[in-house]
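Each remark here refers to the structure printed beneath this line.
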Amino acid sequence: MTLTLRVLLLLGLCWNTISEGPPSSPKSPAGLEFQLPSTNYETKDSYTPGPIGVLFQMVHVFLHVVQPNAFPEDILRKIIQKKFDLSTDYEKPESVVLTLKVVHYEMGIIVCATLGLLFVVLMPVVGLCFGLCRCCNRCGGEMHQRQKRNGAFLRKCYAVSLLVTCVVISLGIISGFVANEHLRAQILQTRKLAGSNFRDLRTLLNETPSQISYVLGQYTTAKEKAFSDLDNIKSLLGGGIQEQLRPKAIPVLDDIKAMAAAIKETREALLNVNKTLGELKKSTARLSTSLQDVKTNLEQSLNDPGCSVQPERATCDDVRTTLNQLDDNTNLGQLPSLDKQIDNITHVLQTDLSSLVQEGYKSFNDIPESVQNQTVDVVSGIKSTLNSIGSHIENVKEQISIQNKLTGFSDQIDDVETYVHRTLPALEEYNSYRWLGGLVACSVLTLIVTFYYLGLLCGLCGYDRNATPTRRGCVSNTGGVFLMVGVGISFLFCWILMIIVVLSFVVGGNVEKLVCEPYQSKKLFQILDTPYLINEEWKYYLSGMVLNKPDINLTFEQVYSDCKDNKGVYTALKLENIYNISDCLDTQQFTQNVSSDFENMEVNIDNIVLLDAAGKKNLQDFISSGVDRIDYGAYLAETAKTPTKVNLLTFAHGLEEKANQLPQGSLKRSLASNAQTVRMIYHGQVVPLESPMKTLHQSIQDLQHQSSGLGVKVHSIISSLDAAQNFIANSLSSVIVQETKKYGNMIIGYFEYYLQWVKISIMEKVAACKPVATALDSVVSVFLCGYIIDPMNLFWFGIGKATLFLLPALIFAVKLAKYYRRMDSEDVYDDSSVPGTWHLNL
């Protein structure tokens, strides 16, 4: 234990944390995560005996019945504290009381051992007396069998009872054989168990320096991450400032950009409308002239003398009534021109609003570049500080010269391993002798029960109910002889077997109750953790030996539990009470310098102008252009009309029908000619007008929609622009301070996370002492209790049960032998003349 504690103490050099306990696991920053490589060990942390474990549990239950008392913690404490010596202190009252308590605790074992010793003493005496008595033809030694009415029933009862007893003895013998072989096999496994534990301990020693190097070496990863972010300050810090300004600036710039495009689109729309309107005015004028010419020709034709007589006169009157339909239906010529609005917008476009907006975008997009240019010196200084931290970490790594010190402990482990491997052959040799002795004991019992089985077999098979006792067959007689031979061997060896049972029972039972069970329940550790127990001047022995501070509550139970949970030796041994990891990894001065550099970082961004005065005036001029004051209703009303009042094709068709009603002559030809002219006007002038008028109508609608609420839109844009510009002017400095602090915290956070991870790793993961707890479990729970005590207890339980049942077995065998052996004389019974009477003839 001292060697183990010294190893654990050494592994904790230069490690400490706050006394409040291990820090909580830190949250990993984005893109930075550390993971200590795991260490694999050979030895299993649990032991299962396999199917034989059921038999072990049966023995445990028996021991609990025999020894139901709780673990005597107070008794052991007093014995250790008082250094009780029965030879000198037996007269003291407290010694008497302590002795009585010990006797009370051991009462069950004492009673069983006393009964066993009584069996040892009495069985040879009884066997001697029984043998002498038999030699004197007493105690069933006379070769004469008394005839009884229930003789057949007694013979069967004795046979069944002996068979059942032999079965019970056989089960005990089997348990003895199994336990004896299991103990031999497990002892042979001890070399492998010891080797794996030593390799695990050596792995623990060898891996610890590399774990320390790995933990300290991860600073490079944190530094490289910080350097990467410092080199990327343009997007991280500058981009962060941009993101804070973006909701204010970009929507305004996007609206101004859209308005600049709308101004150009409005001018193009006005030009298209004005141009189309002018062309339509000319086309409608030509149409009106053409229709007027046709109307004049028709009026002249209707003055023909032929129209004065009936029925031609009626036709001419019909034609004359339709002449008023040959008129232009639109008044496009009355619509005013859009030249004034076009001139106003052209004047507005003399200022390139799109270029001004791009200047605003540029001033916004130049923020990251400006930040980078202004922080070159600061970033260089921070990098230098971080390099200094790295040099400090390297110096710490060199100061922990743990490898040289571990070499000495490795040598001690080698010495212990050499001693163990030198001792194991002797243990295996003694185990072979023990195995041979156990085999002999089980064989003796096997021999006895074999004679009983042979006696039962021969007796049952050779017994003839019709044969008289003096005429029994050879097989039946041999069965009786086998039974008596078994009885004789039982008297010769049962007391020796009981001596073996008593000795192994006392040792195995006490070790199970005083070592194995309290070790599993950790009560054994609680005994060792009793204040002032081992050293009267130290309250806690372990803390006094390890920490040189006996008042600190460091217990064997806590150390074992922590190691069992694979915690680091730093936490298990509470090394924070003597070593301070913050002193070994004190980088507070460096981190304060980095924090100060970020706090003193000056970033001036005072050239952000979203839109200058010329741009704002340009927007206001656009409002005054008069586009939103155009009488769109008049334009839409005229462009929605058809070019003519009547469909000219229908009019021409009707004119032809009327001409066909007239007789041949100049009037008919004139009407037909004018009908043809109307068709030509329709196809040549009306049809080309329809599509442009529809297009113009749609364009005017679009222009009306585009200019609707124009003043409100522009005023809203200007208001948002002023608000955004005021925010930039008044709040930009606070945004810069906020983002700079956030950026600095991110950089510093890498190292805070690293240092926190270092503390957690050293406290909980580096030099995890599970191999030590496993080694202790291997010695006590596995080797002593699992390999030795459990099989030994099963051995004495098995042969003890078998030996104990030899007593009823030999009684039944002696009784049953009379019914199988050939007698020298027998009782003869004849019927008397008097009914119901018998006469004995010798």
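Residue names in the structure tokens use chain letters A, B, ... in the order shown, residue numbers from 1 in each chain, and ligand numbers from 1 in the order shown.
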
Original post:
Near A:Gln211, within 9 Å and counting only C-alpha atoms, which residues show up once chain neighbours fewer than 6 positions away are dropped, as a ChimeraX atom specification?
Top reply: /A:36-37,762,766-767

Subject >> A:Val772 environment, 12 Å, only C-alpha atoms, sequence neighbours closer than 5 positions dropped, as a PyMOL selection string >> reply: chain A and resi 1+3-8+41+43+45+197-205+559-569+572+767+777-779

List the neighbours of stretch 215-222 of chain A out to 7 Å using only C-alpha atoms; skip same-chain residues closer than 6 positions along the sequence, and give me the result as an mmCIF file with N, CA, C and O atoms, in the first residue's frame.
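Saved file around-v3.cif follows:
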```
data_model
loop_
_atom_site.group_PDB
_atom_site.id
_atom_site.type_symbol
_atom_site.label_atom_id
_atom_site.label_comp_id
_atom_site.auth_asym_id
_atom_site.auth_seq_id
_atom_site.Cartn_x
_atom_site.Cartn_y
_atom_site.Cartn_z
ATOM 1 N N GLY A 390 2.934 30.483 -24.986
ATOM 2 C CA GLY A 390 3.422 29.194 -25.457
ATOM 3 C C GLY A 390 4.793 28.872 -24.899
ATOM 4 O O GLY A 390 5.079 27.733 -24.498
ATOM 5 N N ILE A 393 4.341 27.799 -21.353
ATOM 6 C CA ILE A 393 3.845 26.422 -21.271
ATOM 7 C C ILE A 393 4.984 25.430 -21.493
ATOM 8 O O ILE A 393 5.093 24.403 -20.806
ATOM 9 N N LYS A 397 6.394 22.536 -18.975
ATOM 10 C CA LYS A 397 6.569 21.138 -19.377
ATOM 11 C C LYS A 397 7.963 20.631 -19.018
ATOM 12 O O LYS A 397 8.142 19.488 -18.582
ATOM 13 N N TYR A 750 -10.629 30.964 -26.136
ATOM 14 C CA TYR A 750 -9.894 29.759 -26.545
ATOM 15 C C TYR A 750 -8.940 29.319 -25.451
ATOM 16 O O TYR A 750 -8.823 28.124 -25.148
ATOM 17 N N PHE A 751 -8.264 30.259 -24.837
ATOM 18 C CA PHE A 751 -7.256 29.913 -23.835
ATOM 19 C C PHE A 751 -7.904 29.630 -22.486
ATOM 20 O O PHE A 751 -7.409 28.789 -21.736
ATOM 21 N N TYR A 754 -8.979 26.192 -22.957
ATOM 22 C CA TYR A 754 -7.818 25.300 -22.902
ATOM 23 C C TYR A 754 -7.381 25.080 -21.462
ATOM 24 O O TYR A 754 -7.156 23.934 -21.031
ATOM 25 N N VAL A 758 -7.367 21.735 -19.355
ATOM 26 C CA VAL A 758 -6.150 21.210 -18.725
ATOM 27 C C VAL A 758 -6.442 20.813 -17.283
ATOM 28 O O VAL A 758 -6.057 19.736 -16.815
#
```

**OP:** For each of A:Glu279, A:Glu557, A:Glu517, A:Asp366, take the minimum atom-to-atom distance to A:Leu696, counting only C-alpha atoms, then give the residue where this is smallest.
**Re:**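 Of all the options, A:Glu279 lies closest to A:Leu696.
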
Original post:
Which residue, A:Gly800, A:Val686, A:Val168, A:Val782, has the smallest gap to A:Ser46 when you use only C-alpha atoms?
Top reply: A:Val782

Subject >> Spatial neighbours of A:Tyr105, 9 Å, only C-alpha atoms, chain gap at least 2 places, as a PyMOL selection string >> reply: chain A and resi 67-72+100-103+107-109

Produce a file of the selected residues containing N, CA and C atoms, as an mmCIF file, in the first residue's frame.
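Heads up, here's the output in selection19.cif:
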```cif
data_model
loop_
_atom_site.group_PDB
_atom_site.id
_atom_site.type_symbol
_atom_site.label_atom_id
_atom_site.label_comp_id
_atom_site.auth_asym_id
_atom_site.auth_seq_id
_atom_site.Cartn_x
_atom_site.Cartn_y
_atom_site.Cartn_z
ATOM 1 N N GLN A 67 -22.808 -17.582 10.999
ATOM 2 C CA GLN A 67 -22.240 -16.346 11.538
ATOM 3 C C GLN A 67 -23.102 -15.169 11.074
ATOM 4 N N PRO A 68 -24.247 -14.949 11.684
ATOM 5 C CA PRO A 68 -25.151 -13.883 11.238
ATOM 6 C C PRO A 68 -24.790 -12.498 11.766
ATOM 7 N N ASN A 69 -23.793 -12.426 12.650
ATOM 8 C CA ASN A 69 -23.466 -11.139 13.264
ATOM 9 C C ASN A 69 -22.859 -10.173 12.253
ATOM 10 N N ALA A 70 -23.105 -8.889 12.476
ATOM 11 C CA ALA A 70 -22.557 -7.854 11.596
ATOM 12 C C ALA A 70 -21.056 -7.733 11.789
ATOM 13 N N PHE A 71 -20.436 -7.106 10.815
ATOM 14 C CA PHE A 71 -18.981 -6.941 10.853
ATOM 15 C C PHE A 71 -18.586 -6.192 12.127
ATOM 16 N N PRO A 72 -17.668 -6.756 12.909
ATOM 17 C CA PRO A 72 -17.338 -6.172 14.227
ATOM 18 C C PRO A 72 -16.389 -4.983 14.106
ATOM 19 N N LEU A 100 -15.118 -11.118 25.516
ATOM 20 C CA LEU A 100 -16.485 -11.616 25.448
ATOM 21 C C LEU A 100 -17.154 -11.209 24.142
ATOM 22 N N LYS A 101 -16.884 -9.998 23.693
ATOM 23 C CA LYS A 101 -17.455 -9.555 22.420
ATOM 24 C C LYS A 101 -16.914 -10.379 21.259
ATOM 25 N N VAL A 102 -15.615 -10.690 21.350
ATOM 26 C CA VAL A 102 -15.032 -11.521 20.288
ATOM 27 C C VAL A 102 -15.663 -12.899 20.305
ATOM 28 N N VAL A 103 -15.820 -13.455 21.502
ATOM 29 C CA VAL A 103 -16.426 -14.781 21.618
ATOM 30 C C VAL A 103 -17.866 -14.748 21.117
ATOM 31 N N MET A 107 -19.252 -16.891 17.980
ATOM 32 C CA MET A 107 -19.977 -17.978 18.627
ATOM 33 C C MET A 107 -20.374 -19.059 17.632
ATOM 34 N N GLY A 108 -20.899 -18.669 16.497
ATOM 35 C CA GLY A 108 -21.317 -19.673 15.527
ATOM 36 C C GLY A 108 -20.167 -20.530 15.059
ATOM 37 N N ILE A 109 -19.057 -19.914 14.728
ATOM 38 C CA ILE A 109 -17.888 -20.669 14.271
ATOM 39 C C ILE A 109 -17.330 -21.510 15.412
#
```

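One finds atom CA of A:Tyr453 at 16.1 Å from atom CA of A:Thr803.
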